[in-house]
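A.B. asks: To be precise about what I am sending: the file is called target-v2.cif and holds mmCIF, C-alpha atoms and all ligand atoms.
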```
data_entry
#
loop_
_atom_site.label_atom_id
_atom_site.label_comp_id
_atom_site.auth_asym_id
_atom_site.auth_seq_id
_atom_site.Cartn_x
_atom_site.Cartn_y
_atom_site.Cartn_z
CA MET A 1 -6.75 13.62 6.33
CA ASN A 2 -5.63 17.25 5.95
CA GLN A 3 -2.21 16.25 4.61
CA TYR A 4 -3.96 14.18 1.91
CA LEU A 5 -6.16 17.09 0.86
CA GLU A 6 -3.19 19.48 0.93
CA LEU A 7 -1.30 17.14 -1.40
CA CYS A 8 -4.28 16.90 -3.78
CA LYS A 9 -4.65 20.70 -3.83
CA LYS A 10 -0.91 21.14 -4.43
CA ILE A 11 -1.03 18.78 -7.41
CA ILE A 12 -4.06 20.61 -8.85
CA ASN A 13 -2.43 24.03 -8.32
CA ASP A 14 1.29 23.39 -8.96
CA GLY A 15 1.41 20.04 -10.79
CA GLN A 16 2.93 19.67 -14.25
CA TRP A 17 1.47 17.65 -17.09
CA VAL A 18 3.51 14.56 -17.90
CA GLU A 19 2.79 12.12 -20.70
CA ASN A 20 2.83 8.49 -19.46
CA LYS A 21 3.72 5.92 -22.11
CA ARG A 22 2.65 2.80 -20.16
CA THR A 23 -0.96 3.94 -19.76
CA ASN A 24 -1.06 6.30 -22.72
CA LYS A 25 -2.51 9.03 -20.51
CA LYS A 26 -1.36 12.40 -19.22
CA CYS A 27 -0.84 12.85 -15.50
CA LEU A 28 -0.77 16.05 -13.46
CA THR A 29 2.41 15.37 -11.52
CA LEU A 30 4.25 16.62 -8.44
CA ILE A 31 7.63 15.39 -7.24
CA ASN A 32 8.09 14.63 -3.53
CA ALA A 33 5.52 14.28 -0.80
CA ASP A 34 6.13 13.42 2.85
CA LEU A 35 3.21 12.09 4.85
CA GLN A 36 3.14 10.74 8.36
CA TYR A 37 0.67 8.77 10.43
CA ASP A 38 0.16 8.72 14.19
CA VAL A 39 -0.08 4.99 14.85
CA GLU A 40 0.70 5.48 18.54
CA ASN A 41 -2.61 7.31 19.04
CA ASN A 42 -4.47 5.13 16.52
CA VAL A 43 -5.37 8.01 14.20
CA PHE A 44 -6.40 5.88 11.21
CA PRO A 45 -5.50 7.78 7.99
CA ILE A 46 -8.57 6.82 6.00
CA ILE A 47 -9.98 9.22 3.44
CA THR A 48 -13.23 10.81 4.71
CA THR A 49 -14.00 13.10 1.75
CA ARG A 50 -15.26 10.02 -0.11
CA LYS A 51 -16.18 6.49 0.91
CA SER A 52 -13.01 4.42 1.20
CA PHE A 53 -13.08 0.65 0.72
CA TRP A 54 -10.59 0.09 3.53
CA LYS A 55 -11.12 -3.69 3.63
CA SER A 56 -9.73 -3.98 0.09
CA ALA A 57 -6.63 -2.07 1.15
CA ILE A 58 -6.01 -4.37 4.13
CA ALA A 59 -6.71 -7.44 1.98
CA GLU A 60 -3.98 -6.28 -0.43
CA LEU A 61 -1.55 -5.85 2.47
CA LEU A 62 -2.36 -9.31 3.82
CA GLY A 63 -1.73 -10.76 0.35
CA TYR A 64 1.68 -9.07 0.21
CA ILE A 65 2.53 -10.39 3.70
CA ARG A 66 1.61 -13.90 2.54
CA GLY A 67 3.69 -13.58 -0.61
CA TYR A 68 0.77 -14.16 -3.00
CA ASP A 69 1.43 -14.05 -6.75
CA ASN A 70 -2.10 -14.56 -8.04
CA ALA A 71 -5.10 -12.21 -8.35
CA ALA A 72 -7.45 -15.10 -7.46
CA ASP A 73 -5.81 -15.41 -4.04
CA PHE A 74 -6.26 -11.65 -3.53
CA ARG A 75 -9.95 -12.02 -4.45
CA LYS A 76 -10.35 -14.78 -1.87
CA LEU A 77 -8.96 -12.38 0.74
CA GLY A 78 -11.46 -9.72 -0.34
CA THR A 79 -10.02 -7.49 -3.07
CA LYS A 80 -10.28 -7.40 -6.85
CA SER A 81 -7.57 -4.74 -7.05
CA TRP A 82 -5.07 -6.95 -8.93
CA ASP A 83 -7.50 -8.33 -11.52
CA ALA A 84 -6.78 -5.68 -14.15
CA ASN A 85 -3.00 -5.72 -13.88
CA ALA A 86 -2.94 -9.53 -13.97
CA ASN A 87 -5.43 -10.01 -16.81
CA ASP A 88 -6.03 -6.81 -18.83
CA ASN A 89 -2.61 -5.39 -19.63
CA SER A 90 -1.50 -6.30 -23.15
CA VAL A 91 2.24 -6.11 -22.38
CA TRP A 92 1.89 -8.59 -19.50
CA LEU A 93 -0.52 -10.80 -21.49
CA SER A 94 2.10 -11.26 -24.19
CA ASN A 95 4.96 -11.83 -21.71
CA PRO A 96 6.12 -15.49 -21.96
CA ASN A 97 6.75 -15.52 -18.19
CA ARG A 98 3.03 -15.09 -17.43
CA LYS A 99 1.76 -18.44 -16.09
CA GLY A 100 -1.88 -17.99 -17.14
CA LEU A 101 -5.10 -16.50 -15.83
CA ASP A 102 -4.69 -14.30 -12.73
CA ASP A 103 -0.90 -14.72 -12.57
CA MET A 104 0.81 -11.54 -11.36
CA GLY A 105 4.31 -12.97 -11.51
CA ARG A 106 7.17 -12.23 -9.14
CA VAL A 107 5.91 -8.95 -7.69
CA TYR A 108 5.50 -7.42 -4.23
CA GLY A 109 5.18 -10.13 -1.56
CA VAL A 110 6.86 -12.75 -3.75
CA GLN A 111 10.03 -10.67 -3.52
CA GLY A 112 9.37 -9.91 0.16
CA ARG A 113 9.02 -13.56 1.16
CA SER A 114 11.07 -15.42 -1.47
CA TRP A 115 13.76 -13.27 -3.05
CA VAL A 116 16.09 -15.55 -5.01
CA ASN A 117 19.76 -14.57 -4.86
CA SER A 118 22.47 -15.31 -7.42
CA ASP A 119 23.28 -18.67 -5.72
CA GLY A 120 19.64 -19.73 -6.06
CA CYS A 121 19.02 -19.40 -2.30
CA VAL A 122 15.61 -18.11 -1.21
CA ILE A 123 15.57 -15.18 1.22
CA ASP A 124 12.56 -14.41 3.43
CA GLN A 125 13.05 -10.72 4.22
CA LEU A 126 9.93 -10.38 6.36
CA LYS A 127 10.70 -13.38 8.58
CA LYS A 128 14.20 -12.03 9.28
CA ILE A 129 12.74 -8.66 10.33
CA ILE A 130 10.14 -10.26 12.62
CA ASN A 131 12.75 -12.55 14.21
CA ASN A 132 15.07 -9.62 14.86
CA LEU A 133 12.35 -7.37 16.28
CA ASN A 134 11.18 -10.24 18.49
CA SER A 135 14.71 -10.37 19.92
CA GLY A 136 14.85 -6.58 20.36
CA ILE A 137 17.30 -6.19 17.48
CA ASP A 138 17.42 -3.36 14.92
CA ASP A 139 20.51 -3.91 12.78
CA ARG A 140 19.79 -0.68 10.84
CA GLY A 141 18.83 -2.84 7.91
CA GLU A 142 15.35 -4.05 8.89
CA ILE A 143 14.30 -3.55 5.30
CA LEU A 144 11.53 -5.25 3.38
CA THR A 145 12.02 -4.44 -0.29
CA PHE A 146 9.91 -5.59 -3.20
CA TYR A 147 12.10 -3.78 -5.73
CA ASN A 148 14.09 -6.35 -7.70
CA PRO A 149 15.28 -4.88 -11.03
CA GLY A 150 16.63 -8.30 -12.04
CA GLU A 151 13.10 -9.68 -12.16
CA PHE A 152 10.98 -6.84 -13.56
CA ASP A 153 10.38 -8.97 -16.66
CA LYS A 154 8.87 -11.70 -14.44
CA GLY A 155 6.04 -9.53 -13.05
CA CYS A 156 3.00 -7.60 -14.26
CA LEU A 157 4.00 -4.28 -12.64
CA ARG A 158 7.01 -2.85 -10.87
CA PRO A 159 6.14 -2.31 -7.21
CA CYS A 160 4.98 1.21 -6.45
CA MET A 161 5.28 1.23 -2.67
CA HIS A 162 8.49 -0.73 -2.86
CA THR A 163 10.41 -0.55 0.43
CA HIS A 164 9.45 -0.63 4.10
CA THR A 165 12.12 0.04 6.75
CA PHE A 166 11.43 -0.74 10.42
CA SER A 167 13.30 1.06 13.20
CA LEU A 168 13.36 0.02 16.84
CA ILE A 169 14.46 2.24 19.69
CA ASN A 170 14.04 0.40 22.98
CA GLU A 171 10.37 -0.71 22.81
CA ASP A 172 9.30 1.91 20.26
CA LEU A 173 8.74 0.80 16.66
CA TYR A 174 8.74 3.13 13.64
CA LEU A 175 8.16 2.48 9.96
CA THR A 176 9.39 4.40 6.92
CA SER A 177 7.77 3.42 3.62
CA TYR A 178 8.97 4.54 0.18
CA GLN A 179 6.82 4.90 -2.90
CA ARG A 180 8.18 5.64 -6.39
CA SER A 181 4.85 6.24 -8.15
CA CYS A 182 1.50 7.19 -6.64
CA ASP A 183 -1.98 7.34 -8.19
CA VAL A 184 -3.22 9.84 -5.61
CA PRO A 185 -7.02 9.40 -6.05
CA LEU A 186 -6.98 5.57 -6.06
CA GLY A 187 -3.64 4.17 -4.95
CA LEU A 188 -2.89 6.56 -2.10
CA ASN A 189 -6.30 5.92 -0.60
CA PHE A 190 -5.10 2.32 -0.16
CA ASN A 191 -1.42 3.00 0.52
CA GLN A 192 -2.03 5.30 3.52
CA ILE A 193 -4.09 2.55 5.15
CA GLN A 194 -1.43 -0.06 4.33
CA VAL A 195 1.49 1.88 5.82
CA PHE A 196 -0.46 2.53 9.01
CA THR A 197 -1.72 -1.06 9.30
CA LEU A 198 1.68 -2.59 8.56
CA LEU A 199 3.28 -0.75 11.49
CA LYS A 200 0.37 -1.54 13.83
CA LEU A 201 0.38 -5.22 12.86
CA VAL A 202 4.15 -5.72 13.09
CA ALA A 203 4.22 -3.94 16.46
CA GLN A 204 1.44 -6.20 17.69
CA ILE A 205 3.08 -9.48 16.65
CA THR A 206 6.50 -8.44 17.98
CA ARG A 207 5.03 -6.93 21.18
CA LYS A 208 6.45 -3.46 20.55
CA LYS A 209 4.91 0.00 20.89
CA PRO A 210 3.92 1.47 17.50
CA LYS A 211 4.96 5.11 17.15
CA THR A 212 4.96 7.04 13.85
CA ALA A 213 4.80 5.74 10.28
CA TYR A 214 6.56 7.91 7.68
CA HIS A 215 5.44 7.68 4.05
CA LYS A 216 7.75 9.13 1.39
CA ILE A 217 6.43 9.51 -2.12
CA VAL A 218 8.44 10.49 -5.20
CA ASN A 219 6.09 10.86 -8.20
CA ALA A 220 2.58 11.80 -7.00
CA HIS A 221 0.08 12.11 -9.84
CA ILE A 222 -3.54 12.47 -10.85
CA TYR A 223 -4.53 10.97 -14.23
CA GLU A 224 -6.18 13.31 -16.71
CA ASP A 225 -9.53 11.50 -16.46
CA GLN A 226 -9.55 11.84 -12.65
CA ILE A 227 -9.03 15.60 -12.43
CA ASP A 228 -12.66 16.78 -12.54
CA LEU A 229 -13.70 14.33 -9.84
CA MET A 230 -10.76 15.35 -7.66
CA LYS A 231 -11.84 19.00 -7.98
CA VAL A 232 -15.15 17.93 -6.40
CA GLN A 233 -13.44 15.89 -3.68
CA ILE A 234 -11.10 18.68 -2.50
CA GLU A 235 -14.05 21.00 -1.87
CA ARG A 236 -15.51 18.61 0.71
CA LYS A 237 -14.91 19.16 4.42
CA PRO A 238 -13.13 16.21 6.05
CA PHE A 239 -14.52 14.36 9.08
CA GLN A 240 -12.46 13.38 12.11
CA SER A 241 -10.26 10.34 11.64
CA PRO A 242 -11.60 7.05 13.00
CA SER A 243 -9.51 4.37 14.70
CA LEU A 244 -8.52 0.83 13.69
CA ASN A 245 -9.00 -2.19 15.95
CA ILE A 246 -7.03 -5.35 15.22
CA ASN A 247 -7.95 -8.67 16.81
CA PRO A 248 -5.53 -9.05 19.76
CA ASP A 249 -5.40 -12.83 19.14
CA ILE A 250 -3.11 -12.12 16.16
CA LYS A 251 0.23 -12.79 17.82
CA SER A 252 2.65 -14.02 15.16
CA LEU A 253 3.63 -13.99 11.50
CA GLU A 254 2.23 -17.54 11.30
CA ASP A 255 -1.18 -16.23 12.45
CA LEU A 256 -1.09 -13.67 9.61
CA GLU A 257 -0.14 -16.40 7.17
CA SER A 258 -2.84 -18.84 8.22
CA TRP A 259 -6.18 -17.90 9.80
CA VAL A 260 -6.42 -14.08 9.73
CA THR A 261 -9.27 -12.61 7.62
CA LEU A 262 -10.75 -9.15 7.20
CA ASP A 263 -13.12 -9.92 10.08
CA ASP A 264 -10.13 -9.44 12.36
CA PHE A 265 -10.06 -5.73 11.51
CA GLU A 266 -12.60 -3.13 12.54
CA VAL A 267 -12.77 0.60 11.88
CA ILE A 268 -14.47 2.51 14.68
CA GLY A 269 -16.32 5.76 13.99
CA TYR A 270 -15.83 6.13 10.23
CA GLU A 271 -17.83 9.12 8.93
CA HIS A 272 -17.44 9.88 5.24
CA HIS A 273 -18.88 11.75 2.27
CA ASP A 274 -20.46 9.93 -0.69
CA ALA A 275 -18.44 7.49 -2.79
CA ILE A 276 -16.62 8.80 -5.87
CA LYS A 277 -15.79 6.28 -8.57
CA TYR A 278 -12.44 7.24 -10.10
CA PRO A 279 -11.33 5.79 -13.44
CA PHE A 280 -8.53 3.21 -13.16
CA SER A 281 -5.63 3.11 -15.64
CA VAL A 282 -4.21 -0.33 -16.44
N1 LIG A 301 -3.31 2.94 -12.07
C1 LIG A 301 -3.14 2.21 -10.96
N2 LIG A 301 -3.42 2.77 -9.77
C2 LIG A 301 -3.27 2.05 -8.62
O1 LIG A 301 -3.53 2.61 -7.54
C3 LIG A 301 -2.80 0.71 -8.70
C4 LIG A 301 -2.51 0.16 -9.97
N3 LIG A 301 -2.70 0.93 -11.08
N4 LIG A 301 -2.10 -1.13 -10.12
C5 LIG A 301 -1.74 -1.92 -8.96
C6 LIG A 301 -2.49 -1.55 -7.75
C7 LIG A 301 -3.93 -1.96 -7.69
N5 LIG A 301 -4.51 -0.90 -6.85
C8 LIG A 301 -5.86 -0.54 -6.86
C9 LIG A 301 -6.73 -1.12 -7.75
C10 LIG A 301 -8.06 -0.75 -7.80
C11 LIG A 301 -8.52 0.20 -6.89
C12 LIG A 301 -9.97 0.56 -6.95
O2 LIG A 301 -10.66 0.29 -7.90
N6 LIG A 301 -10.50 1.19 -5.93
C13 LIG A 301 -11.88 1.65 -5.87
C14 LIG A 301 -12.83 0.56 -5.44
C15 LIG A 301 -12.31 -0.35 -4.38
C16 LIG A 301 -13.26 -1.50 -3.99
O3 LIG A 301 -14.46 -1.47 -4.33
O4 LIG A 301 -12.79 -2.41 -3.33
C17 LIG A 301 -11.94 2.84 -4.93
O5 LIG A 301 -12.93 3.60 -5.05
O6 LIG A 301 -11.06 3.02 -4.10
C18 LIG A 301 -7.66 0.78 -5.98
C19 LIG A 301 -6.33 0.40 -5.96
C20 LIG A 301 -3.47 0.02 -6.45
N7 LIG A 301 -2.59 -0.10 -7.57
O1 LIG A 302 0.16 0.48 -4.37
C1 LIG A 302 0.10 1.10 -5.46
C2 LIG A 302 0.27 0.47 -6.68
C3 LIG A 302 0.20 1.20 -7.83
N1 LIG A 302 -0.04 2.53 -7.76
C4 LIG A 302 -0.15 3.28 -9.05
C5 LIG A 302 0.87 4.31 -9.38
C6 LIG A 302 0.79 4.39 -10.89
O2 LIG A 302 -0.32 5.21 -11.26
C7 LIG A 302 0.50 2.96 -11.28
C8 LIG A 302 1.75 2.18 -11.65
O3 LIG A 302 2.25 2.66 -12.83
P1 LIG A 302 3.82 2.72 -13.16
O4 LIG A 302 3.84 3.04 -14.62
O5 LIG A 302 4.39 1.37 -12.88
O6 LIG A 302 4.41 3.79 -12.31
O7 LIG A 302 -0.08 2.37 -10.13
C9 LIG A 302 -0.23 3.17 -6.56
O8 LIG A 302 -0.48 4.38 -6.48
N2 LIG A 302 -0.14 2.43 -5.45
#
```
With the file now loaded, output its structure as structure tokens.
Ligand SMILES: Nc1nc(=O)c2c([nH]1)NC[C@@H]1CN(c3ccc(C(=O)N[C@@H](CCC(=O)O)C(=O)O)cc3)CN21
Ligand SMILES: O=c1ccn([C@H]2C[C@H](O)[C@@H](COP(=O)(O)O)O2)c(=O)[nH]1
C.D. replies:
Amino acid sequence: MNQYLELCKKIINDGQWVENKRTNKKCLTLINADLQYDVENNVFPIITTRKSFWKSAIAELLGYIRGYDNAADFRKLGTKSWDANANDNSVWLSNPNRKGLDDMGRVYGVQGRSWVNSDGCVIDQLKKIINNLNSGIDDRGEILTFYNPGEFDKGCLRPCMHTHTFSLINEDLYLTSYQRSCDVPLGLNFNQIQVFTLLKLVAQITRKKPKTAYHKIVNAHIYEDQIDLMKVQIERKPFQSPSLNINPDIKSLEDLESWVTLDDFEVIGYEHHDAIKYPFSV
């Protein structure tokens, strides 16, 4: 929690104003942030200086794992977080590749589970990683990437947290996640949870020991209409981090694809300050 607050304070104190054309807003911006999470000791990196809707964050992650391309499917899992990007952005609404209401296009998990190569073959990056880890293999390319420049025009948004690299040393599993663009008040609140949960889940289904998750962010920003609320949030004293329990019956990628719901996740001992409703930029 402290590393999150330190980052927020650094942006407020040292950030530079950058005009963003896509949203037509100014962002206070800092380049480069390195965060890390102690998955081994189950120190769940949830924000405590405001109420965090952690179930939405895990629902998003589950949708990416399943390769969903539709905001309605994300809603069924328990999050409305893709509604605006799928349905309220004028550039995407006028894109001929958009297939109708709630379509997100070929973003995130679509690329992760069904990347189409130049021969038209479909590549399931996540399945390859799970198969290798199950066999004790780390080929130094256990990479799940959602970043496909050839298909940016087929999706509503370029992926922000775009690449996850798994590393196995004996029985110890690590994760390094890369993020090109980070809405620190809203997005990072979700992304910290997702990086942590992804390592814990993959370790569980491949029967490995989760160690540390490393989270590398390039452009970390706070939108102009979020600044005053963030100044309130950084004055609050954080509580101790809670822990995350995952149903031990989840044993495979197929389990994650089929029956798992948010009821299979439980946060133990979450103390937090009051909710803060930050504005969202589409
Ligand atoms: N500007 C922007 N910031 C983001 O963080 C973001 C995007 N766009 N577009 C794609 C996804 C969608 N994400 C979202 C979308 C909405 C919330 C949000 O409204 N969060 C509220 C309420 C959550 C709830 O009630 O479930 C929050 O207080 O955290 C968070 C992340 C993260 N991503
Ligand atoms: O997981 C996510 C997804 C999105 N974001 C934020 C980062 C930016 O504020 C916007 C995306 O805008 P771009 O113009 O495509 O950079 O969404 C996030 O923080 N985390």
A.B. asks: Do you know which residues are within 10 Å of ligand LIG 301 (chain A) using all atoms listed in the file? Can you write them as a JSON list (two decimals) with C-alpha atoms, in the frame of the given file?
C.D. replies:
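That gives us selection.json:
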```json
[["chain", "number", "residue", "atom", "x", "y", "z"],
["A", 23, "THR", "CA", -0.96, 3.94, -19.76],
["A", 47, "ILE", "CA", -9.98, 9.22, 3.44],
["A", 50, "ARG", "CA", -15.26, 10.02, -0.11],
["A", 51, "LYS", "CA", -16.18, 6.49, 0.91],
["A", 52, "SER", "CA", -13.01, 4.42, 1.20],
["A", 53, "PHE", "CA", -13.08, 0.65, 0.72],
["A", 54, "TRP", "CA", -10.59, 0.09, 3.53],
["A", 55, "LYS", "CA", -11.12, -3.69, 3.63],
["A", 56, "SER", "CA", -9.73, -3.98, 0.09],
["A", 57, "ALA", "CA", -6.63, -2.07, 1.15],
["A", 59, "ALA", "CA", -6.71, -7.44, 1.98],
["A", 60, "GLU", "CA", -3.98, -6.28, -0.43],
["A", 78, "GLY", "CA", -11.46, -9.72, -0.34],
["A", 79, "THR", "CA", -10.02, -7.49, -3.07],
["A", 80, "LYS", "CA", -10.28, -7.40, -6.85],
["A", 81, "SER", "CA", -7.57, -4.74, -7.05],
["A", 82, "TRP", "CA", -5.07, -6.95, -8.93],
["A", 83, "ASP", "CA", -7.50, -8.33, -11.52],
["A", 84, "ALA", "CA", -6.78, -5.68, -14.15],
["A", 85, "ASN", "CA", -3.00, -5.72, -13.88],
["A", 86, "ALA", "CA", -2.94, -9.53, -13.97],
["A", 156, "CYS", "CA", 3.00, -7.60, -14.26],
["A", 157, "LEU", "CA", 4.00, -4.28, -12.64],
["A", 158, "ARG", "CA", 7.01, -2.85, -10.87],
["A", 159, "PRO", "CA", 6.14, -2.31, -7.21],
["A", 160, "CYS", "CA", 4.98, 1.21, -6.45],
["A", 161, "MET", "CA", 5.28, 1.23, -2.67],
["A", 181, "SER", "CA", 4.85, 6.24, -8.15],
["A", 182, "CYS", "CA", 1.50, 7.19, -6.64],
["A", 183, "ASP", "CA", -1.98, 7.34, -8.19],
["A", 184, "VAL", "CA", -3.22, 9.84, -5.61],
["A", 185, "PRO", "CA", -7.02, 9.40, -6.05],
["A", 186, "LEU", "CA", -6.98, 5.57, -6.06],
["A", 187, "GLY", "CA", -3.64, 4.17, -4.95],
["A", 188, "LEU", "CA", -2.89, 6.56, -2.10],
["A", 189, "ASN", "CA", -6.30, 5.92, -0.60],
["A", 190, "PHE", "CA", -5.10, 2.32, -0.16],
["A", 191, "ASN", "CA", -1.42, 3.00, 0.52],
["A", 221, "HIS", "CA", 0.08, 12.11, -9.84],
["A", 222, "ILE", "CA", -3.54, 12.47, -10.85],
["A", 223, "TYR", "CA", -4.53, 10.97, -14.23],
["A", 275, "ALA", "CA", -18.44, 7.49, -2.79],
["A", 276, "ILE", "CA", -16.62, 8.80, -5.87],
["A", 277, "LYS", "CA", -15.79, 6.28, -8.57],
["A", 278, "TYR", "CA", -12.44, 7.24, -10.10],
["A", 279, "PRO", "CA", -11.33, 5.79, -13.44],
["A", 280, "PHE", "CA", -8.53, 3.21, -13.16],
["A", 281, "SER", "CA", -5.63, 3.11, -15.64],
["A", 282, "VAL", "CA", -4.21, -0.33, -16.44]]
```
A.B. asks: A:Gly141: which residues within 10 Å, counting only C-alpha atoms, same-chain residues fewer than 3 positions away excluded, as a PDB file with C-alpha atoms, in the frame of the given file?
C.D. replies:
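In the end it all went to around-v8.pdb:
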```
ATOM      1  CA  ILE A 129      12.740  -8.660  10.330  1.00  0.00           C
ATOM      2  CA  ASP A 138      17.420  -3.360  14.920  1.00  0.00           C
ATOM      3  CA  LEU A 144      11.530  -5.250   3.380  1.00  0.00           C
ATOM      4  CA  THR A 165      12.120   0.040   6.750  1.00  0.00           C
ATOM      5  CA  PHE A 166      11.430  -0.740  10.420  1.00  0.00           C
ATOM      6  CA  SER A 167      13.300   1.060  13.200  1.00  0.00           C
TER       7      SER A 167
END
```
A.B. asks: Mind checking which residues fall within 7 Å of stretch 192-209 of chain A, counting all atoms listed in the file, ignoring those fewer than 6 positions away in the same chain, and posting them as a ChimeraX atom specification?
C.D. replies: /A:37,39,45-46,57-58,61,130,133-134,171-173,175,177,250-253
A.B. asks: Between A:Ser118, A:Gln233, A:Ser241, A:Asn219, which is the closest to ligand LIG 302 (chain A) once you count only C-alpha atoms and all ligand atoms?
C.D. replies: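 Closest to ligand LIG 302 (chain A), using only C-alpha atoms and all ligand atoms: A:Asn219.
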A.B. asks: Quote the spacing between atom CA of A:Gln36 and atom CA of A:Thr212 in Å to one decimal place.
C.D. replies: 6.9 Å
A.B. asks: Tell me, in Å to one decimal, how far atom CA of A:Tyr214 is from atom CA of A:Gln179.
C.D. replies: 11.0 Å
A.B. asks: Looking at A:Leu93, A:Val43, A:Met104, A:Ala33, which one is nearest to A:Glu6, with distances taken over only C-alpha atoms?
C.D. replies: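 Ranking A:Leu93, A:Val43, A:Met104, A:Ala33 by distance to A:Glu6, first place goes to A:Ala33.
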A.B. asks: With all atoms listed in the file counted, which protein, DNA or RNA residues have an atom no more than 6 Å from (4.6, -10.4, 0.4) in the file frame? Please answer as a ChimeraX atom specification.
C.D. replies: /A:64-67,108-110,112-113
A.B. asks: Output requested as a PDB file, keeping the file's coordinate frame - stretch 141-154 of chain A, filled out with N, CA, C and O atoms.
C.D. replies:
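Output (result25.pdb):
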```pdb
ATOM      1  N   GLY A 141      19.116  -2.328   9.260  1.00  0.00           N
ATOM      2  CA  GLY A 141      18.830  -2.840   7.910  1.00  0.00           C
ATOM      3  C   GLY A 141      17.587  -3.722   7.977  1.00  0.00           C
ATOM      4  O   GLY A 141      17.534  -4.759   7.318  1.00  0.00           O
ATOM      5  N   GLU A 142      16.603  -3.272   8.776  1.00  0.00           N
ATOM      6  CA  GLU A 142      15.350  -4.050   8.890  1.00  0.00           C
ATOM      7  C   GLU A 142      14.461  -3.646   7.722  1.00  0.00           C
ATOM      8  O   GLU A 142      13.452  -2.949   7.876  1.00  0.00           O
ATOM      9  N   ILE A 143      14.882  -4.059   6.550  1.00  0.00           N
ATOM     10  CA  ILE A 143      14.300  -3.550   5.300  1.00  0.00           C
ATOM     11  C   ILE A 143      13.581  -4.665   4.541  1.00  0.00           C
ATOM     12  O   ILE A 143      14.147  -5.724   4.274  1.00  0.00           O
ATOM     13  N   LEU A 144      12.330  -4.354   4.210  1.00  0.00           N
ATOM     14  CA  LEU A 144      11.530  -5.250   3.380  1.00  0.00           C
ATOM     15  C   LEU A 144      11.410  -4.558   2.028  1.00  0.00           C
ATOM     16  O   LEU A 144      10.751  -3.528   1.919  1.00  0.00           O
ATOM     17  N   THR A 145      12.105  -5.103   1.016  1.00  0.00           N
ATOM     18  CA  THR A 145      12.020  -4.440  -0.290  1.00  0.00           C
ATOM     19  C   THR A 145      11.463  -5.379  -1.355  1.00  0.00           C
ATOM     20  O   THR A 145      11.835  -6.544  -1.440  1.00  0.00           O
ATOM     21  N   PHE A 146      10.539  -4.825  -2.112  1.00  0.00           N
ATOM     22  CA  PHE A 146       9.910  -5.590  -3.200  1.00  0.00           C
ATOM     23  C   PHE A 146      10.571  -5.260  -4.528  1.00  0.00           C
ATOM     24  O   PHE A 146      10.188  -5.801  -5.560  1.00  0.00           O
ATOM     25  N   TYR A 147      11.547  -4.327  -4.492  1.00  0.00           N
ATOM     26  CA  TYR A 147      12.100  -3.780  -5.730  1.00  0.00           C
ATOM     27  C   TYR A 147      13.283  -4.597  -6.215  1.00  0.00           C
ATOM     28  O   TYR A 147      14.398  -4.459  -5.718  1.00  0.00           O
ATOM     29  N   ASN A 148      13.047  -5.464  -7.193  1.00  0.00           N
ATOM     30  CA  ASN A 148      14.090  -6.350  -7.700  1.00  0.00           C
ATOM     31  C   ASN A 148      14.249  -6.139  -9.203  1.00  0.00           C
ATOM     32  O   ASN A 148      13.572  -6.803 -10.011  1.00  0.00           O
ATOM     33  N   PRO A 149      15.147  -5.200  -9.600  1.00  0.00           N
ATOM     34  CA  PRO A 149      15.280  -4.880 -11.030  1.00  0.00           C
ATOM     35  C   PRO A 149      15.617  -6.089 -11.880  1.00  0.00           C
ATOM     36  O   PRO A 149      15.277  -6.142 -13.061  1.00  0.00           O
ATOM     37  N   GLY A 150      16.273  -7.099 -11.286  1.00  0.00           N
ATOM     38  CA  GLY A 150      16.630  -8.300 -12.040  1.00  0.00           C
ATOM     39  C   GLY A 150      15.433  -9.135 -12.456  1.00  0.00           C
ATOM     40  O   GLY A 150      15.559 -10.035 -13.286  1.00  0.00           O
ATOM     41  N   GLU A 151      14.272  -8.850 -11.853  1.00  0.00           N
ATOM     42  CA  GLU A 151      13.100  -9.680 -12.160  1.00  0.00           C
ATOM     43  C   GLU A 151      11.887  -8.858 -12.615  1.00  0.00           C
ATOM     44  O   GLU A 151      10.760  -9.365 -12.561  1.00  0.00           O
ATOM     45  N   PHE A 152      12.119  -7.632 -13.066  1.00  0.00           N
ATOM     46  CA  PHE A 152      10.980  -6.840 -13.560  1.00  0.00           C
ATOM     47  C   PHE A 152      10.245  -7.556 -14.695  1.00  0.00           C
ATOM     48  O   PHE A 152       9.040  -7.452 -14.826  1.00  0.00           O
ATOM     49  N   ASP A 153      11.009  -8.292 -15.518  1.00  0.00           N
ATOM     50  CA  ASP A 153      10.380  -8.970 -16.660  1.00  0.00           C
ATOM     51  C   ASP A 153       9.549 -10.181 -16.214  1.00  0.00           C
ATOM     52  O   ASP A 153       8.843 -10.781 -17.012  1.00  0.00           O
ATOM     53  N   LYS A 154       9.626 -10.535 -14.939  1.00  0.00           N
ATOM     54  CA  LYS A 154       8.870 -11.700 -14.440  1.00  0.00           C
ATOM     55  C   LYS A 154       7.591 -11.284 -13.705  1.00  0.00           C
ATOM     56  O   LYS A 154       6.946 -12.122 -13.066  1.00  0.00           O
TER      57      LYS A 154
END
```
